[in-house]
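Asks: So that we are looking at the same thing, I have put the structure below in structure tokens.
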Amino acid sequence: MPVDFDQPSWEAAKYPGRHVAPVGAQAGGRELAANVYELDPGAVGSPLHVHHANEELLLVLAGTLSLRGPDGTQFLSAGAVVAFPRGQAGAHSLVNRSDAPVRYIVVSTTNRPDIVEYPDTGATLVVLAEQRLAYPHGADAHQQPVIAEAMRAAADRDA
């Protein structure tokens with residue numbers, strides 16, 4: 001299935017300034033996920049997080065993206081490719097700290113269950129085959145506020 005990277009088919013926005021097109025699912029992917037993201041200036045693509053069951057690969061398509069990981073913060077421009085392995089070595093946060101939109105694609109494995117830690121907030125997300133369970137500071141809660149809090153923390157950190 002051809003994908004139009006200039007005008008992808010965006011999902012309804014869940015978070016301010018972040019647009020997502022699930023191109024892998026649109027192409028019929030089952031064991032790999034591939035999503036195109038576009039971030040408005042100042043928007044968070046993902047808060048600092050660690051996957052314990054999945055690996056991710058990032059390719060910056062346009063603009064400049066801020067990546068915070070175990071080695072500090074760096075700016076990635078179009079053409080940059082970064083792999084995020086499972087575990088603490090793959091911890092990362094993606095934020096658009098520029099004054100122009102940034103577009104990138106993330107390809108990942110889709111292993112379930114997965115445990116996702118959010119170090120900035122102490123929250124944990126358990127991703128099962130058909131369900132997501134969020135635990136802020138060890139207590140069960142709805143996932144949306146937990147992820148939104150982690151995204152706010154990512155936007156505020158080192159601004």
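Chain identifiers are assigned as A, B, and so on, following the order in which chains appear in the structure tokens; residues are numbered from 1 within each chain, and ligands are numbered from 1 in order of appearance.
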For Phe5 of chain A, work out the shell of residues within 12 Å, counting only C-alpha atoms and skipping chain neighbours fewer than 5 positions away, then give it as a ChimeraX atom specification.
Replies: /A:10,20-23,35-38,60-62,103-105
Asks: With a cut-off of 10 Å, could you pull out the residues of segment 12-68 of chain A touching segment 119-136 of chain A and give me the nearest pair of atoms for each, distance in Å to one decimal, using only C-alpha atoms, ordered by chain and ascending number, as a tab-separated table?
Replies:
```
residue	atom	partner	partner_atom	distance
A:Pro47	CA	A:Asp120	CA	8.2
A:Leu48	CA	A:Pro119	CA	6.5
A:His49	CA	A:Pro119	CA	6.5
A:Val50	CA	A:Pro119	CA	8.0
A:His51	CA	A:Leu125	CA	9.5
A:Ala53	CA	A:Val127	CA	9.8
```
Asks: Would you work out the distance separating atom CA of Gly42 of chain A from atom CA of Ala78 of chain A, expressed in Å to one decimal?
Replies: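 Spanning atom CA of Gly42 of chain A to atom CA of Ala78 of chain A is a straight-line distance of 17.7 Å.
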Asks: Between A:Leu58, A:Ala13, A:Val102, A:Leu39, which residue has the minimum interatomic distance to Ala83 of chain A, considering only C-alpha atoms?
Replies: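 Residue with the minimum atom-to-atom distance to Ala83 of chain A: A:Leu58.
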Asks: Go through A:Val3, A:Ile115, A:Leu65, A:Val106 one by one, measure the shortest atom-to-atom distance of each to Leu94 of chain A using only C-alpha atoms, and give the residue with the smallest value.
Replies: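 Ranked by minimum distance to Leu94 of chain A, first place goes to A:Leu65.
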Asks: Which of these, A:Ser9, A:Asn54, A:Gln26, A:Ser46, has the shortest distance to Thr110 of chain A once you count only C-alpha atoms?
Replies: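 Looking at the shortest contact to Thr110 of chain A, the residue is A:Asn54.
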Asks: Please identify the helix (DSSP H, G or I) residues within chain A (assignment by DSSP from backbone atoms) and present them as a PyMOL selection string.
Replies: chain A and resi 23-26+88-90+143-156
